[in-house]
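Visitor: Pasting structure-v3.cif below, which is mmCIF, C-alpha atoms.
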data_start
loop_
_atom_site.label_atom_id
_atom_site.label_comp_id
_atom_site.auth_asym_id
_atom_site.auth_seq_id
_atom_site.Cartn_x
_atom_site.Cartn_y
_atom_site.Cartn_z
CA MET H 1 96.04 113.45 109.31
CA GLY H 2 97.18 110.73 106.90
CA THR H 3 96.84 110.94 103.15
CA GLU H 4 94.50 108.84 101.04
CA LYS H 5 95.87 106.53 98.40
CA VAL H 6 95.08 107.01 94.72
CA GLU H 7 95.55 103.74 92.87
CA ILE H 8 97.46 103.83 89.59
CA PHE H 9 95.90 101.74 86.82
CA ASP H 10 98.40 101.46 83.98
CA THR H 11 97.01 100.77 80.51
CA THR H 12 100.22 101.21 78.50
CA LEU H 13 99.94 97.60 77.34
CA ARG H 14 96.30 97.94 76.25
CA ASP H 15 95.18 101.48 75.41
CA GLY H 16 98.75 102.65 74.87
CA GLU H 17 99.56 99.79 72.52
CA GLN H 18 96.57 100.64 70.31
CA VAL H 19 98.57 103.51 68.79
CA PRO H 20 99.33 102.85 65.10
CA GLY H 21 102.88 101.53 64.77
CA CYS H 22 103.25 100.69 68.47
CA LYS H 23 102.51 96.96 68.31
CA LEU H 24 104.41 95.04 70.97
CA ASN H 25 105.15 91.33 70.90
CA THR H 26 104.69 89.15 73.96
CA SER H 27 108.32 89.33 75.10
CA GLN H 28 108.24 93.14 74.91
CA LYS H 29 104.99 93.22 76.86
CA LEU H 30 106.48 90.98 79.53
CA LYS H 31 109.52 93.23 79.83
CA ILE H 32 107.36 96.32 80.31
CA ALA H 33 104.94 94.53 82.66
CA ALA H 34 107.83 93.48 84.92
CA ARG H 35 109.00 97.09 85.08
CA LEU H 36 105.48 98.39 85.81
CA ASP H 37 105.21 95.91 88.68
CA GLU H 38 108.57 97.12 90.00
CA LEU H 39 107.48 100.74 89.53
CA GLY H 40 104.61 100.15 91.95
CA VAL H 41 101.49 100.40 89.79
CA ASP H 42 98.39 98.91 91.41
CA VAL H 43 96.75 97.54 88.27
CA ILE H 44 98.26 96.48 84.93
CA GLU H 45 95.75 96.34 82.10
CA ALA H 46 97.53 93.65 80.10
CA GLY H 47 95.36 93.61 76.99
CA PHE H 48 92.06 92.80 75.30
CA PRO H 49 92.13 88.98 75.29
CA ILE H 50 89.43 88.27 72.70
CA SER H 51 90.90 90.71 70.16
CA SER H 52 93.63 88.32 68.94
CA PRO H 53 95.49 85.12 69.88
CA GLY H 54 98.56 87.27 70.53
CA ASP H 55 96.72 89.47 72.99
CA PHE H 56 95.28 86.41 74.76
CA LYS H 57 98.77 84.93 75.10
CA SER H 58 100.21 88.20 76.39
CA VAL H 59 97.53 88.57 79.07
CA SER H 60 98.03 84.95 80.11
CA GLU H 61 101.84 85.23 80.31
CA ILE H 62 101.70 88.56 82.14
CA SER H 63 99.28 86.94 84.62
CA LYS H 64 101.94 84.34 85.40
CA LEU H 65 104.73 86.92 85.67
CA VAL H 66 103.30 89.74 87.80
CA LYS H 67 103.91 89.36 91.53
CA ASN H 68 102.30 92.41 93.12
CA ALA H 69 99.87 94.27 90.86
CA THR H 70 96.34 93.28 89.88
CA VAL H 71 96.27 92.04 86.26
CA CYS H 72 93.32 93.24 84.23
CA GLY H 73 91.80 92.18 80.92
CA LEU H 74 89.41 94.33 78.88
CA THR H 75 86.11 93.10 77.43
CA ARG H 76 82.99 94.43 75.78
CA ALA H 77 79.63 93.74 77.42
CA VAL H 78 79.59 90.42 75.55
CA ARG H 79 79.54 87.03 77.26
CA LYS H 80 82.14 85.46 74.96
CA ASP H 81 84.54 88.38 75.62
CA ILE H 82 84.13 87.86 79.36
CA GLU H 83 84.68 84.09 79.15
CA VAL H 84 87.87 84.53 77.11
CA ALA H 85 89.19 87.19 79.49
CA ALA H 86 88.53 84.96 82.49
CA GLU H 87 90.48 82.15 80.81
CA ALA H 88 93.42 84.45 80.03
CA LEU H 89 93.49 85.70 83.63
CA LYS H 90 93.27 82.31 85.33
CA PHE H 91 96.96 82.37 86.39
CA ALA H 92 96.83 85.88 87.90
CA LYS H 93 97.29 86.24 91.65
CA LYS H 94 94.88 89.17 91.57
CA PRO H 95 92.70 89.07 88.41
CA ARG H 96 90.29 91.80 87.31
CA ILE H 97 87.82 91.80 84.43
CA HIS H 98 87.19 95.25 82.94
CA THR H 99 83.85 95.24 81.14
CA GLY H 100 81.49 97.94 79.97
CA ILE H 101 79.48 99.66 77.30
CA GLY H 102 79.00 103.07 75.68
CA THR H 103 76.52 105.36 77.43
CA SER H 104 76.50 108.63 75.47
CA PRO H 105 73.63 109.42 73.05
CA MET H 106 76.02 108.95 70.10
CA HIS H 107 77.09 105.50 71.24
CA ILE H 108 73.60 104.34 72.16
CA LYS H 109 72.15 105.43 68.81
CA TYR H 110 74.94 104.76 66.33
CA LYS H 111 76.95 101.91 67.88
CA PHE H 112 74.21 99.91 69.51
CA ASN H 113 70.93 101.08 67.94
CA ALA H 114 69.48 100.63 71.41
CA THR H 115 67.48 102.45 74.07
CA GLU H 116 68.82 103.82 77.34
CA ASP H 117 67.01 101.08 79.27
CA GLN H 118 68.54 98.37 77.08
CA ILE H 119 72.02 99.75 77.74
CA ILE H 120 71.39 99.62 81.50
CA GLU H 121 70.27 95.98 81.17
CA ARG H 122 73.36 95.06 79.16
CA ALA H 123 75.63 96.79 81.68
CA PHE H 124 74.02 94.95 84.58
CA ASP H 125 74.19 91.57 82.82
CA ALA H 126 77.85 92.01 81.82
CA VAL H 127 78.99 92.87 85.34
CA ARG H 128 76.93 90.10 86.90
CA TYR H 129 78.33 87.54 84.44
CA ALA H 130 81.93 88.71 84.96
CA LYS H 131 81.34 88.38 88.69
CA THR H 132 80.81 84.64 88.27
CA PHE H 133 84.47 84.34 87.19
CA VAL H 134 86.32 86.88 89.38
CA GLU H 135 85.56 88.91 92.46
CA ASP H 136 87.15 92.11 91.15
CA VAL H 137 85.07 93.57 88.29
CA GLU H 138 85.57 97.05 86.89
CA PHE H 139 82.77 98.60 84.84
CA TYR H 140 83.44 101.30 82.23
CA ALA H 141 80.78 103.68 80.87
CA GLU H 142 82.40 104.51 77.54
CA ASP H 143 82.08 108.18 76.53
CA ALA H 144 80.89 109.08 80.03
CA GLY H 145 82.33 112.53 79.38
CA ARG H 146 79.50 113.23 76.93
CA THR H 147 76.83 111.34 78.89
CA ARG H 148 74.14 113.18 80.89
CA ASN H 149 75.01 112.92 84.56
CA GLU H 150 71.51 111.78 85.53
CA TYR H 151 71.56 108.88 83.10
CA LEU H 152 75.19 108.03 83.90
CA ALA H 153 74.23 107.71 87.57
CA LYS H 154 71.49 105.22 86.65
CA VAL H 155 73.94 103.08 84.64
CA CYS H 156 76.51 103.18 87.45
CA THR H 157 73.87 102.27 90.03
CA ALA H 158 72.99 99.18 87.98
CA ALA H 159 76.67 98.21 87.71
CA VAL H 160 77.17 98.56 91.47
CA LYS H 161 74.04 96.50 92.12
CA ALA H 162 75.41 93.79 89.81
CA GLY H 163 78.63 93.63 91.84
CA ALA H 164 81.11 96.06 90.28
CA THR H 165 84.05 96.91 92.54
CA VAL H 166 85.33 99.81 90.40
CA LEU H 167 83.43 102.35 88.28
CA ASN H 168 85.46 103.74 85.39
CA ILE H 169 84.24 107.15 84.14
CA PRO H 170 86.04 107.69 80.83
CA ASP H 171 86.29 111.00 79.03
CA THR H 172 86.78 108.87 75.94
CA THR H 173 87.00 111.75 73.46
CA GLY H 174 88.96 114.16 75.67
CA TYR H 175 86.04 116.58 75.50
CA CYS H 176 85.47 117.64 79.11
CA LEU H 177 86.79 120.73 80.85
CA PRO H 178 88.45 119.95 84.20
CA GLU H 179 85.72 121.64 86.24
CA GLU H 180 83.06 119.79 84.25
CA TYR H 181 84.75 116.42 84.71
CA GLY H 182 85.31 117.06 88.41
CA GLN H 183 81.64 117.94 88.86
CA LYS H 184 80.66 114.72 87.07
CA ILE H 185 82.62 112.69 89.60
CA LYS H 186 81.09 114.71 92.45
CA TYR H 187 77.59 114.12 91.07
CA LEU H 188 78.16 110.36 90.95
CA LYS H 189 79.52 110.36 94.50
CA GLU H 190 76.29 111.99 95.63
CA ASN H 191 73.77 110.16 93.44
CA VAL H 192 74.85 106.54 92.87
CA LYS H 193 73.42 104.13 95.40
CA GLY H 194 76.17 102.03 96.99
CA ILE H 195 78.95 104.28 95.67
CA GLU H 196 80.61 104.24 99.08
CA ASN H 197 81.48 100.58 98.52
CA VAL H 198 83.29 101.01 95.19
CA ARG H 199 86.24 102.92 93.80
CA ILE H 200 85.69 105.57 91.12
CA SER H 201 88.29 105.63 88.35
CA CYS H 202 89.31 108.42 85.94
CA HIS H 203 90.17 107.43 82.36
CA CYS H 204 90.88 110.61 80.41
CA HIS H 205 92.05 111.22 76.86
CA ASN H 206 94.14 114.14 75.66
CA ASP H 207 92.36 115.33 72.50
CA LEU H 208 92.20 118.89 73.85
CA GLY H 209 95.33 118.60 76.00
CA MET H 210 93.41 118.23 79.26
CA ALA H 211 93.80 114.55 80.19
CA THR H 212 96.06 115.14 83.18
CA ALA H 213 94.08 118.16 84.39
CA ASN H 214 90.83 116.20 84.15
CA ALA H 215 92.26 113.22 86.04
CA ILE H 216 93.47 115.48 88.84
CA ALA H 217 90.05 117.21 88.93
CA GLY H 218 88.53 113.75 89.26
CA VAL H 219 90.57 112.72 92.29
CA MET H 220 90.02 116.12 93.89
CA ASN H 221 86.30 115.30 93.74
CA GLY H 222 86.46 111.80 95.14
CA ALA H 223 87.83 109.40 92.51
CA ARG H 224 90.54 107.11 93.90
CA GLN H 225 91.97 105.50 90.78
CA ILE H 226 93.63 107.08 87.75
CA GLU H 227 93.99 105.18 84.48
CA CYS H 228 97.10 106.32 82.65
CA THR H 229 100.01 105.32 80.44
CA ILE H 230 103.77 105.79 80.43
CA ASN H 231 104.61 108.88 78.34
CA GLY H 232 100.87 109.50 77.85
CA VAL H 233 100.76 107.13 74.86
CA GLY H 234 97.34 106.07 73.62
CA GLU H 235 94.60 106.45 71.04
CA ARG H 236 94.72 109.64 68.94
CA ALA H 237 96.33 112.35 71.14
CA GLY H 238 97.00 109.89 73.96
CA ASN H 239 95.96 109.23 77.54
CA THR H 240 96.64 110.73 80.93
CA SER H 241 100.39 110.57 81.57
CA LEU H 242 101.37 108.38 84.52
CA GLU H 243 104.50 110.34 85.34
CA GLU H 244 102.57 113.63 85.37
CA VAL H 245 99.80 112.60 87.78
CA VAL H 246 102.26 110.86 90.10
CA MET H 247 104.45 113.94 90.41
CA ILE H 248 101.50 116.35 90.67
CA LEU H 249 100.18 114.47 93.69
CA ARG H 250 103.70 114.28 95.13
CA GLN H 251 104.35 118.00 94.65
CA HIS H 252 101.01 119.07 96.13
CA PRO H 253 100.82 117.51 99.61
CA GLY H 254 97.90 119.81 100.42
CA LEU H 255 95.69 117.51 98.34
CA ASN H 256 96.27 114.79 100.99
CA LEU H 257 96.60 112.16 98.27
CA HIS H 258 99.45 109.81 97.45
CA THR H 259 100.40 106.91 95.16
CA ASP H 260 102.69 103.94 95.76
CA ILE H 261 104.77 104.67 92.64
CA ASN H 262 108.55 104.80 93.11
CA PRO H 263 109.34 107.99 91.15
CA LYS H 264 113.05 107.18 90.82
CA PHE H 265 112.10 104.66 88.09
CA LEU H 266 110.04 107.13 86.03
CA PHE H 267 112.73 108.38 83.65
CA ASP H 268 114.17 104.93 83.00
CA THR H 269 110.70 103.44 82.47
CA SER H 270 109.83 106.24 80.06
CA ASN H 271 112.94 105.47 78.01
CA MET H 272 112.18 101.75 78.02
CA VAL H 273 108.63 102.21 76.73
CA ALA H 274 109.76 104.73 74.11
CA GLN H 275 112.41 102.33 72.85
CA GLU H 276 110.16 99.26 72.78
CA MET H 277 107.29 101.11 71.08
CA GLY H 278 109.49 103.13 68.75
CA ILE H 279 107.69 106.34 69.65
CA PHE H 280 110.04 108.83 71.20
CA VAL H 281 109.13 111.41 73.80
CA GLN H 282 108.86 115.05 72.75
CA PRO H 283 111.77 117.00 74.27
CA ASN H 284 109.51 119.39 76.22
CA LYS H 285 107.36 116.58 77.69
CA ALA H 286 106.71 117.20 81.40
CA ILE H 287 108.78 115.13 83.86
CA VAL H 288 110.51 112.79 81.36
CA GLY H 289 111.31 114.92 78.29
CA THR H 290 115.01 115.56 77.59
CA ASN H 291 114.42 119.28 78.17
CA ALA H 292 112.34 118.88 81.35
CA PHE H 293 115.41 119.75 83.46
CA ALA H 294 117.45 121.62 80.83
CA HIS H 295 118.10 125.37 80.88
CA SER H 296 119.40 127.54 78.03
CA SER H 297 118.18 131.04 78.96
CA GLY H 298 120.89 133.08 80.65
CA ILE H 299 118.51 134.40 83.31
CA HIS H 300 117.30 130.90 84.17
CA GLN H 301 120.82 129.47 84.15
CA ASP H 302 122.05 132.12 86.56
CA GLY H 303 119.17 131.32 88.92
CA ILE H 304 119.68 127.55 88.72
CA ILE H 305 123.43 127.86 89.39
CA LYS H 306 122.73 129.95 92.49
CA ASN H 307 119.85 127.79 93.75
CA ARG H 308 118.15 124.99 91.82
CA GLU H 309 114.71 125.79 93.26
CA THR H 310 114.61 129.20 91.55
CA TYR H 311 113.47 127.48 88.34
CA GLU H 312 112.90 123.81 89.23
CA ILE H 313 110.06 122.59 91.43
CA ILE H 314 111.22 118.96 91.13
CA ASN H 315 114.66 117.65 91.98
CA PRO H 316 115.68 115.71 88.85
CA LEU H 317 117.11 112.96 91.07
CA ASP H 318 113.56 112.28 92.33
CA VAL H 319 112.50 110.99 88.90
CA GLY H 320 115.75 109.25 88.02
CA VAL H 321 117.47 112.05 86.08
CA THR H 322 121.12 112.44 87.08
CA GLU H 323 121.25 116.24 87.11
CA SER H 324 119.90 119.42 85.57
CA ALA H 325 121.43 120.37 82.23
CA ILE H 326 122.95 123.78 81.59
CA VAL H 327 122.72 123.99 77.80
CA LEU H 328 124.96 126.63 76.26
CA THR H 329 123.39 128.60 73.40
CA ALA H 330 123.55 132.16 72.11
CA ARG H 331 121.01 133.00 74.84
CA SER H 332 123.30 131.86 77.65
CA GLY H 333 125.02 134.33 79.94
CA ARG H 334 128.42 134.62 81.58
CA ALA H 335 127.34 132.68 84.66
CA ALA H 336 126.48 129.59 82.64
CA LEU H 337 129.68 129.81 80.59
CA ALA H 338 131.81 130.15 83.73
CA TYR H 339 129.92 127.23 85.32
CA ARG H 340 130.51 124.93 82.33
CA ALA H 341 134.13 126.04 81.96
CA LYS H 342 134.81 125.34 85.64
CA LYS H 343 133.37 121.83 85.32
CA MET H 344 135.83 121.28 82.47
CA GLY H 345 138.79 122.52 84.55
CA TYR H 346 139.01 126.17 83.46
CA GLU H 347 139.13 128.61 86.38
CA LEU H 348 138.54 132.00 84.75
CA THR H 349 139.15 135.43 86.20
CA LYS H 350 136.59 138.15 85.44
CA LEU H 351 138.84 139.57 82.71
CA GLU H 352 139.36 136.15 81.15
CA LEU H 353 135.64 135.40 81.32
CA ASP H 354 134.79 138.64 79.52
CA SER H 355 137.18 137.73 76.69
CA VAL H 356 136.02 134.14 76.48
CA TYR H 357 132.38 135.29 76.47
CA THR H 358 133.00 137.56 73.49
CA GLU H 359 134.37 134.65 71.48
CA PHE H 360 131.63 132.37 72.80
CA LEU H 361 128.88 134.64 71.42
CA ASN H 362 130.55 134.75 68.02
CA PHE H 363 130.80 130.98 68.06
CA ALA H 364 127.28 130.31 69.42
CA ASP H 365 125.48 132.51 66.87
CA ASN H 366 126.06 129.84 64.24
CA ARG H 367 125.11 126.83 66.35
CA LYS H 368 122.03 125.44 68.10
CA GLU H 369 124.13 124.31 71.07
CA VAL H 370 127.71 124.73 72.23
CA GLY H 371 129.24 121.46 73.48
CA ASP H 372 132.32 120.60 75.50
CA LEU H 373 134.56 120.23 72.44
CA ASP H 374 133.38 123.65 71.31
CA ILE H 375 134.41 125.13 74.68
CA HIS H 376 137.96 123.85 74.14
CA THR H 377 137.95 125.45 70.69
CA ILE H 378 136.70 128.75 72.11
CA MET H 379 139.46 128.71 74.72
CA GLU H 380 142.09 128.25 72.01
CA ILE H 381 140.61 131.07 69.92
CA THR H 382 140.59 133.33 72.99
CA LYS H 383 144.23 132.52 73.75
CA LYS H 384 145.19 133.42 70.22
CA ASN H 385 143.11 136.59 69.86
CA HIS H 386 143.29 138.07 73.34
CA ARG H 387 146.62 136.78 74.70
CA ILE H 388 145.30 136.73 78.26
CA PHE H 389 146.05 133.15 79.28
CA ALA H 390 149.43 132.20 80.67
#
Written as structure tokens, that's how I'd like the structure from this file.
Guide:
Amino acid sequence: MGTEKVEIFDTTLRDGEQVPGCKLNTSQKLKIAARLDELGVDVIEAGFPISSPGDFKSVSEISKLVKNATVCGLTRAVRKDIEVAAEALKFAKKPRIHTGIGTSPMHIKYKFNATEDQIIERAFDAVRYAKTFVEDVEFYAEDAGRTRNEYLAKVCTAAVKAGATVLNIPDTTGYCLPEEYGQKIKYLKENVKGIENVRISCHCHNDLGMATANAIAGVMNGARQIECTINGVGERAGNTSLEEVVMILRQHPGLNLHTDINPKFLFDTSNMVAQEMGIFVQPNKAIVGTNAFAHSSGIHQDGIIKNRETYEIINPLDVGVTESAIVLTARSGRAALAYRAKKMGYELTKLELDSVYTEFLNFADNRKEVGDLDIHTIMEITKKNHRIFA
């Protein structure tokens, strides 16, 4: 039985760029867009065209550049927004307008001062109007995570009737539990008329640290698009991390789901986005953090040296990392020290290793990490103090 494809909708250049201090100019956006296209993403959300002349220009230039992916522009459920987005996308080989409106009680009351029926009408009208410009229209129900499922199904039914090709179900505030979000997707699959003709999309935020878990719960319950960003950048605590969902689906073939992302570009793409945005990746970040394939515990190092799979479920080469790192610290054991010494040209007998290890521990107690130059120093100290080397 073949696997089903989950489309990857990358919003690094729209939702990701909304992070304070992350503003990208057009040339930077073009550089990242070209890499995303090479990476294999299905949709690039290039910006919010009506928000500024710079954003309009970026969406327009990205539309000219991108060869393979769909190029998407965000709008509110406002006719002028939709017209401007359509103009910005006119050069795209595969254009998509992403329009929508808030559907939770908080949004309806405080943002729009409207009724539930009025929101449904505005959703329908926005999708129908966008459809006069492009065939591919994605509808988002902002704050769907805190929207009653019964009402959300009514809004989505109206969007499908108006011609939406994709239904985006955002957990805008990162509030949902994975089981709750998964059940929301399942409910829509079972209760939205015409749902079989559209793709359901997961757009999850990380306020409670559950964006990736929620997105995976969504696709396990029938969604077939995940909206995500490189390094998980985005509003507040960020968005679903592209590299995480891609590797989760790859590492769990039992889900019978796949993406078209080339994982060998993940690490390099992560570094590019971090450098261009000036927001660097936390060392313990899954998949692309500098410590994701680094080992300092003696027990772990011994296992990795004997067989990488004892402590690594992903081959670092698969995501573009050259090799696992054996980091020498005061917690490292003899196996790791012998391994590093051998790579540097020192073949140690058991007696020599015992002596070197004694000096190593004395040395390492005062340092966060012991580097190659330090190893040479330790060898010289051992020669002097133990007189065991020829």
Visitor: Could you tell me how far CA of Phe48 (chain H) sits from CA of Arg14 (chain H), in Å to one decimal place?
Guide: 6.7 Å
Visitor: May I have the residues within 7 Å of Ile326 (chain H) as a list of chain:residue names, using all atoms listed in the file and disregarding those fewer than 4 positions away in the same chain?
Guide: H:Ala294, H:His295, H:Ser296, H:Gln301, H:Ala336
Visitor: My list of candidates is H:Glu179, H:Thr229, H:Thr157, H:Glu4. Which is closest to Ala46 (chain H) when distances are computed with only C-alpha atoms?
Guide: H:Thr229
Visitor: Work out where the centre of an axis-aligned box around every listed atom of region 120-138 of chain H lies and how long its edges are once 8 Å is added on each side; give both in Å to one decimal as JSON.
Guide:
{"center_x": 78.7, "center_y": 92.0, "center_z": 85.8, "size_x": 32.9, "size_y": 31.3, "size_z": 29.3}
Visitor: To one decimal in Å, tell me the separation between CA of Glu369 (chain H) and CA of Val327 (chain H).
Guide: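 So the answer is 6.9 Å.
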Visitor: Restricting the calculation to all atoms listed in the file: of H:Ala158, H:Cys228, H:Leu65, H:Met220, which residue gets closest to Glu243 (chain H)?
Guide: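 The closest residue to Glu243 (chain H) is H:Cys228.
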